[in-house]
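K.L.:
Data file input.cif (mmCIF, C-alpha atoms; chains and numbers go by the auth columns) is appended below.
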```
data_protein
loop_
_atom_site.group_PDB
_atom_site.id
_atom_site.type_symbol
_atom_site.label_atom_id
_atom_site.label_comp_id
_atom_site.label_asym_id
_atom_site.label_seq_id
_atom_site.Cartn_x
_atom_site.Cartn_y
_atom_site.Cartn_z
_atom_site.B_iso_or_equiv
_atom_site.auth_seq_id
_atom_site.auth_asym_id
ATOM 1 C CA MET A 1 -3.494 -19.966 -15.079 0.00 1 A
ATOM 2 C CA HIS A 2 -4.647 -22.928 -17.185 0.00 2 A
ATOM 3 C CA GLU A 3 -3.524 -25.259 -14.368 0.00 3 A
ATOM 4 C CA VAL A 4 -6.119 -23.827 -11.957 0.00 4 A
ATOM 5 C CA HIS A 5 -9.156 -26.070 -11.415 0.00 5 A
ATOM 6 C CA PRO A 6 -12.458 -25.099 -9.769 0.00 6 A
ATOM 7 C CA PRO A 7 -13.000 -26.154 -6.155 0.00 7 A
ATOM 8 C CA ARG A 8 -14.942 -29.418 -6.076 0.00 8 A
ATOM 9 C CA TRP A 9 -17.577 -28.332 -3.579 0.00 9 A
ATOM 10 C CA THR A 10 -18.417 -24.839 -4.830 0.00 10 A
ATOM 11 C CA GLY A 11 -17.323 -24.348 -8.428 0.00 11 A
ATOM 12 C CA TRP A 12 -16.011 -21.069 -9.790 0.00 12 A
ATOM 13 C CA PRO A 13 -16.772 -17.817 -7.933 0.00 13 A
ATOM 14 C CA MET A 14 -19.161 -15.237 -9.405 0.00 14 A
ATOM 15 C CA GLN A 15 -16.606 -12.410 -9.061 0.00 15 A
ATOM 16 C CA THR A 16 -12.867 -12.078 -8.599 0.00 16 A
ATOM 17 C CA ALA A 17 -11.334 -8.866 -7.289 0.00 17 A
ATOM 18 C CA GLY A 18 -7.768 -7.705 -7.678 0.00 18 A
ATOM 19 C CA ASP A 19 -5.728 -4.542 -7.835 0.00 19 A
ATOM 20 C CA LYS A 20 -4.328 -2.927 -10.991 0.00 20 A
ATOM 21 C CA GLY A 21 -1.454 -5.401 -10.998 0.00 21 A
ATOM 22 C CA TYR A 22 -3.898 -8.066 -12.229 0.00 22 A
ATOM 23 C CA SER A 23 -5.178 -5.942 -15.107 0.00 23 A
ATOM 24 C CA TYR A 24 -3.912 -7.979 -18.052 0.00 24 A
ATOM 25 C CA PRO A 25 -5.904 -9.075 -21.106 0.00 25 A
ATOM 26 C CA ARG A 26 -4.814 -12.682 -20.540 0.00 26 A
ATOM 27 C CA ILE A 27 -6.281 -12.705 -17.013 0.00 27 A
ATOM 28 C CA ARG A 28 -9.486 -10.981 -18.120 0.00 28 A
ATOM 29 C CA THR A 29 -9.924 -13.501 -20.965 0.00 29 A
ATOM 30 C CA TRP A 30 -9.369 -16.423 -18.574 0.00 30 A
ATOM 31 C CA LEU A 31 -12.041 -15.040 -16.232 0.00 31 A
ATOM 32 C CA ASP A 32 -14.463 -14.322 -19.096 0.00 32 A
ATOM 33 C CA ARG A 33 -14.207 -17.905 -20.383 0.00 33 A
ATOM 34 C CA ARG A 34 -15.338 -19.133 -16.971 0.00 34 A
ATOM 35 C CA THR A 35 -18.091 -16.487 -16.671 0.00 35 A
ATOM 36 C CA ILE A 36 -16.377 -14.846 -13.699 0.00 36 A
ATOM 37 C CA GLU A 37 -16.820 -11.087 -13.360 0.00 37 A
ATOM 38 C CA ALA A 38 -13.429 -9.370 -13.170 0.00 38 A
ATOM 39 C CA VAL A 39 -13.529 -6.679 -10.482 0.00 39 A
ATOM 40 C CA ILE A 40 -10.158 -5.252 -11.470 0.00 40 A
ATOM 41 C CA PRO A 41 -9.512 -1.558 -12.234 0.00 41 A
ATOM 42 C CA GLN A 42 -7.717 -0.796 -15.477 0.00 42 A
ATOM 43 C CA ARG A 43 -4.208 0.617 -15.485 0.00 43 A
ATOM 44 C CA SER A 44 -3.886 4.059 -17.052 0.00 44 A
ATOM 45 C CA ASP A 45 -1.710 2.734 -19.896 0.00 45 A
ATOM 46 C CA GLN A 46 -4.434 0.256 -20.961 0.00 46 A
ATOM 47 C CA ILE A 47 -7.427 2.582 -21.243 0.00 47 A
ATOM 48 C CA GLU A 48 -6.521 3.916 -24.711 0.00 48 A
ATOM 49 C CA HIS A 49 -6.051 0.397 -26.138 0.00 49 A
ATOM 50 C CA ASP A 50 -8.990 -1.496 -24.610 0.00 50 A
ATOM 51 C CA GLY A 51 -11.470 1.291 -24.048 0.00 51 A
ATOM 52 C CA ASP A 52 -12.770 2.131 -20.576 0.00 52 A
ATOM 53 C CA LEU A 53 -14.033 -1.077 -18.921 0.00 53 A
ATOM 54 C CA ARG A 54 -16.731 -0.634 -16.276 0.00 54 A
ATOM 55 C CA LEU A 55 -15.681 -1.384 -12.711 0.00 55 A
ATOM 56 C CA ASN A 56 -18.167 -2.637 -10.119 0.00 56 A
ATOM 57 C CA LYS A 57 -17.155 -0.155 -7.413 0.00 57 A
ATOM 58 C CA LYS A 58 -19.478 -1.643 -4.789 0.00 58 A
ATOM 59 C CA ALA A 59 -17.832 -5.060 -5.174 0.00 59 A
ATOM 60 C CA TYR A 60 -14.348 -3.500 -5.294 0.00 60 A
ATOM 61 C CA LYS A 61 -14.914 -1.790 -1.922 0.00 61 A
ATOM 62 C CA LYS A 62 -15.512 -5.199 -0.317 0.00 62 A
ATOM 63 C CA ARG A 63 -11.954 -6.109 -1.307 0.00 63 A
ATOM 64 C CA SER A 64 -10.614 -3.717 1.349 0.00 64 A
ATOM 65 C CA VAL A 65 -12.118 -5.887 4.105 0.00 65 A
ATOM 66 C CA VAL A 66 -9.993 -8.814 2.945 0.00 66 A
ATOM 67 C CA GLU A 67 -6.906 -6.592 2.610 0.00 67 A
ATOM 68 C CA CYS A 68 -7.356 -5.295 6.176 0.00 68 A
ATOM 69 C CA CYS A 69 -7.739 -8.837 7.521 0.00 69 A
ATOM 70 C CA VAL A 70 -4.582 -9.983 5.737 0.00 70 A
ATOM 71 C CA GLY A 71 -2.734 -6.928 7.057 0.00 71 A
ATOM 72 C CA TRP A 72 -3.878 -7.708 10.596 0.00 72 A
ATOM 73 C CA LEU A 73 -2.797 -11.348 10.279 0.00 73 A
ATOM 74 C CA LYS A 74 0.645 -10.206 9.096 0.00 74 A
ATOM 75 C CA GLU A 75 1.135 -8.499 12.468 0.00 75 A
ATOM 76 C CA CYS A 76 1.226 -11.915 14.110 0.00 76 A
ATOM 77 C CA ARG A 77 4.870 -12.937 13.865 0.00 77 A
ATOM 78 C CA ARG A 78 4.210 -16.672 13.926 0.00 78 A
ATOM 79 C CA LEU A 79 1.991 -16.410 10.841 0.00 79 A
ATOM 80 C CA VAL A 80 4.451 -14.266 8.905 0.00 80 A
ATOM 81 C CA THR A 81 7.463 -16.494 9.565 0.00 81 A
ATOM 82 C CA ARG A 82 5.393 -19.674 9.050 0.00 82 A
ATOM 83 C CA PHE A 83 6.895 -21.779 11.849 0.00 83 A
ATOM 84 C CA ASP A 84 4.340 -24.537 11.280 0.00 84 A
ATOM 85 C CA LYS A 85 5.317 -26.886 8.475 0.00 85 A
ATOM 86 C CA LEU A 86 1.949 -28.616 8.076 0.00 86 A
ATOM 87 C CA ALA A 87 -0.930 -26.703 6.524 0.00 87 A
ATOM 88 C CA VAL A 88 -3.332 -28.125 9.119 0.00 88 A
ATOM 89 C CA ASN A 89 -1.283 -26.627 11.981 0.00 89 A
ATOM 90 C CA PHE A 90 -0.960 -23.306 10.159 0.00 90 A
ATOM 91 C CA LEU A 91 -4.730 -23.098 9.615 0.00 91 A
ATOM 92 C CA ALA A 92 -5.340 -23.965 13.274 0.00 92 A
ATOM 93 C CA PHE A 93 -3.118 -21.073 14.345 0.00 93 A
ATOM 94 C CA VAL A 94 -4.932 -18.701 11.977 0.00 94 A
ATOM 95 C CA GLN A 95 -8.224 -19.782 13.556 0.00 95 A
ATOM 96 C CA LEU A 96 -6.814 -19.199 17.053 0.00 96 A
ATOM 97 C CA ALA A 97 -5.624 -15.739 16.048 0.00 97 A
ATOM 98 C CA VAL A 98 -9.082 -14.839 14.728 0.00 98 A
ATOM 99 C CA ILE A 99 -10.761 -16.158 17.893 0.00 99 A
ATOM 100 C CA GLU A 100 -8.381 -14.117 20.050 0.00 100 A
ATOM 101 C CA ARG A 101 -9.140 -11.023 17.973 0.00 101 A
ATOM 102 C CA TYR A 102 -12.914 -11.477 18.370 0.00 102 A
ATOM 103 C CA LEU A 103 -12.599 -12.044 22.108 0.00 103 A
ATOM 104 C CA ARG A 104 -10.595 -8.858 22.427 0.00 104 A
ATOM 105 C CA LEU A 105 -13.208 -6.922 20.467 0.00 105 A
ATOM 106 C CA LEU A 106 -16.208 -8.416 22.263 0.00 106 A
ATOM 107 C CA GLY A 107 -14.807 -8.600 25.792 0.00 107 A
ATOM 108 C CA PRO A 108 -14.787 -5.771 28.301 0.00 108 A
ATOM 109 C CA SER A 109 -11.783 -3.501 28.256 0.00 109 A
ATOM 110 C CA ASP A 110 -9.575 -3.643 31.344 0.00 110 A
ATOM 111 C CA THR A 111 -7.513 -0.614 30.287 0.00 111 A
ATOM 112 C CA ALA A 112 -10.145 1.959 31.325 0.00 112 A
#
```
Kindly present the structure from the file in structure tokens form.
P.N.:
Amino acid sequence: MHEVHPPRWTGWPMQTAGDKGYSYPRIRTWLDRRTIEAVIPQRSDQIEHDGDLRLNKKAYKKRSVVECCVGWLKECRRLVTRFDKLAVNFLAFVQLAVIERYLRLLGPSDTA
């Protein structure tokens, strides 16, 4: 984690969300040193040692939106198998997939 540098144009985020798999003291310390709020629930085996840490439930619920988007993108076979070797081509295909999704949601349904 010490190899990670902040993005040049924005700096560190205000919050970072993760599931219980990211609930390690080392990760929490790294985030605290950079004044990043850890929106990570504690595992049940850690509560007795560290005490009950408060979880920002409102921020944690926003994490599900990202998880759903990633799950939807995984349905697209070309994205999962990563046919494109260049990152620029891969990102372009992700953008096309999102545009197609929005057009399907916004356009009239022809299945009625």
K.L.:
On this structure, the PyMOL selection byres ((chain A and resi 86-101) around 12) would catch which residues? List them as a ChimeraX atom specification, sorted by chain and number.
P.N.:
/A:69-70,72-85,102-107
K.L.:
Quick one: distance from atom CA of Ser23 of chain A to atom CA of Gly11 of chain A in Å, one decimal?
P.N.:
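Going from atom CA of Ser23 of chain A over to atom CA of Gly11 of chain A, I get 23.0 Å.
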K.L.:
Which residues would end up in the selection if the PyMOL selection byres ((chain A and resi 42) around 9) were applied here, given that I need the answer as a ChimeraX atom specification?
P.N.:
/A:19-24,40-41,43-47,52-53,55
K.L.:
Which distance in Å separates atom CA of Lys61 of chain A and atom CA of Ala17 of chain A, to one decimal?
P.N.:
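Pair atom CA of Lys61 of chain A / atom CA of Ala17 of chain A returns 9.6 Å.
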K.L.:
Using all atoms listed in the file, list the residues that have an atom at most 12 Å from (-13.1, -15.4, -11.8), coordinates as in the file, as number ranges by chain.
P.N.:
A: 1, 4-6, 11-18, 22, 27-40
K.L.:
Based on the selection just made, write C-alpha atoms of those residues as an mmCIF file, in the coordinates of the input.
P.N.:
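After the write, part-v3.cif holds the following:
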```
data_model
loop_
_atom_site.group_PDB
_atom_site.id
_atom_site.type_symbol
_atom_site.label_atom_id
_atom_site.label_comp_id
_atom_site.auth_asym_id
_atom_site.auth_seq_id
_atom_site.Cartn_x
_atom_site.Cartn_y
_atom_site.Cartn_z
ATOM 1 C CA MET A 1 -3.494 -19.966 -15.079
ATOM 2 C CA VAL A 4 -6.119 -23.827 -11.957
ATOM 3 C CA HIS A 5 -9.156 -26.070 -11.415
ATOM 4 C CA PRO A 6 -12.458 -25.099 -9.769
ATOM 5 C CA GLY A 11 -17.323 -24.348 -8.428
ATOM 6 C CA TRP A 12 -16.011 -21.069 -9.790
ATOM 7 C CA PRO A 13 -16.772 -17.817 -7.933
ATOM 8 C CA MET A 14 -19.161 -15.237 -9.405
ATOM 9 C CA GLN A 15 -16.606 -12.410 -9.061
ATOM 10 C CA THR A 16 -12.867 -12.078 -8.599
ATOM 11 C CA ALA A 17 -11.334 -8.866 -7.289
ATOM 12 C CA GLY A 18 -7.768 -7.705 -7.678
ATOM 13 C CA TYR A 22 -3.898 -8.066 -12.229
ATOM 14 C CA ILE A 27 -6.281 -12.705 -17.013
ATOM 15 C CA ARG A 28 -9.486 -10.981 -18.120
ATOM 16 C CA THR A 29 -9.924 -13.501 -20.965
ATOM 17 C CA TRP A 30 -9.369 -16.423 -18.574
ATOM 18 C CA LEU A 31 -12.041 -15.040 -16.232
ATOM 19 C CA ASP A 32 -14.463 -14.322 -19.096
ATOM 20 C CA ARG A 33 -14.207 -17.905 -20.383
ATOM 21 C CA ARG A 34 -15.338 -19.133 -16.971
ATOM 22 C CA THR A 35 -18.091 -16.487 -16.671
ATOM 23 C CA ILE A 36 -16.377 -14.846 -13.699
ATOM 24 C CA GLU A 37 -16.820 -11.087 -13.360
ATOM 25 C CA ALA A 38 -13.429 -9.370 -13.170
ATOM 26 C CA VAL A 39 -13.529 -6.679 -10.482
ATOM 27 C CA ILE A 40 -10.158 -5.252 -11.470
#
```
K.L.:
Figure out the distance between atom CA of Pro7 of chain A and atom CA of Lys57 of chain A, please, to one decimal in Å.
P.N.:
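Those two atoms sit 26.4 Å apart.
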K.L.:
If I only want segment 44-109 of chain A, can you write it with C-alpha atoms, as a CSV table (one decimal), in the first residue's frame?
P.N.:
```
chain,number,residue,atom,x,y,z
A,44,SER,CA,-16.8,-10.2,13.9
A,45,ASP,CA,-13.5,-11.6,15.1
A,46,GLN,CA,-12.0,-8.0,15.3
A,47,ILE,CA,-14.7,-6.3,17.5
A,48,GLU,CA,-13.4,-7.7,20.8
A,49,HIS,CA,-9.9,-6.6,20.1
A,50,ASP,CA,-10.4,-3.1,18.6
A,51,GLY,CA,-13.7,-2.1,20.1
A,52,ASP,CA,-16.7,-1.4,17.9
A,53,LEU,CA,-15.8,1.2,15.3
A,54,ARG,CA,-18.6,3.4,13.9
A,55,LEU,CA,-19.6,2.7,10.3
A,56,ASN,CA,-21.1,5.5,8.2
A,57,LYS,CA,-24.0,3.4,6.9
A,58,LYS,CA,-25.3,6.1,4.5
A,59,ALA,CA,-21.9,6.2,2.7
A,60,TYR,CA,-21.7,2.4,2.8
A,61,LYS,CA,-25.1,2.1,1.0
A,62,LYS,CA,-23.7,4.1,-1.9
A,63,ARG,CA,-21.1,1.3,-2.4
A,64,SER,CA,-23.9,-1.0,-3.7
A,65,VAL,CA,-24.4,1.3,-6.7
A,66,VAL,CA,-20.8,0.7,-7.7
A,67,GLU,CA,-21.1,-3.0,-7.1
A,68,CYS,CA,-24.2,-3.3,-9.3
A,69,CYS,CA,-22.5,-1.4,-12.1
A,70,VAL,CA,-19.4,-3.7,-11.9
A,71,GLY,CA,-21.8,-6.7,-11.9
A,72,TRP,CA,-23.6,-5.4,-15.0
A,73,LEU,CA,-20.3,-4.7,-16.8
A,74,LYS,CA,-19.2,-8.3,-16.1
A,75,GLU,CA,-22.2,-9.5,-18.1
A,76,CYS,CA,-20.5,-8.1,-21.2
A,77,ARG,CA,-18.3,-10.9,-22.4
A,78,ARG,CA,-15.8,-8.7,-24.2
A,79,LEU,CA,-15.1,-6.8,-21.0
A,80,VAL,CA,-14.7,-9.9,-18.9
A,81,THR,CA,-12.3,-11.7,-21.3
A,82,ARG,CA,-10.4,-8.4,-22.0
A,83,PHE,CA,-9.9,-8.8,-25.7
A,84,ASP,CA,-8.4,-5.3,-26.0
A,85,LYS,CA,-4.8,-5.1,-25.1
A,86,LEU,CA,-4.5,-1.3,-24.9
A,87,ALA,CA,-6.1,0.4,-21.9
A,88,VAL,CA,-7.4,3.2,-24.2
A,89,ASN,CA,-9.4,0.6,-26.3
A,90,PHE,CA,-10.7,-1.1,-23.2
A,91,LEU,CA,-11.9,2.2,-21.8
A,92,ALA,CA,-13.6,3.1,-25.1
A,93,PHE,CA,-15.5,-0.2,-25.0
A,94,VAL,CA,-16.6,0.4,-21.4
A,95,GLN,CA,-17.9,3.8,-22.5
A,96,LEU,CA,-19.8,2.3,-25.5
A,97,ALA,CA,-21.3,-0.3,-23.2
A,98,VAL,CA,-22.5,2.4,-20.8
A,99,ILE,CA,-24.0,4.5,-23.7
A,100,GLU,CA,-25.8,1.4,-25.0
A,101,ARG,CA,-27.2,0.7,-21.5
A,102,TYR,CA,-28.5,4.3,-21.2
A,103,LEU,CA,-30.1,4.2,-24.6
A,104,ARG,CA,-31.8,1.0,-23.8
A,105,LEU,CA,-33.2,2.5,-20.6
A,106,LEU,CA,-34.2,5.9,-22.1
A,107,GLY,CA,-35.5,4.7,-25.4
A,108,PRO,CA,-39.0,3.4,-26.1
A,109,SER,CA,-39.5,-0.3,-25.6
```
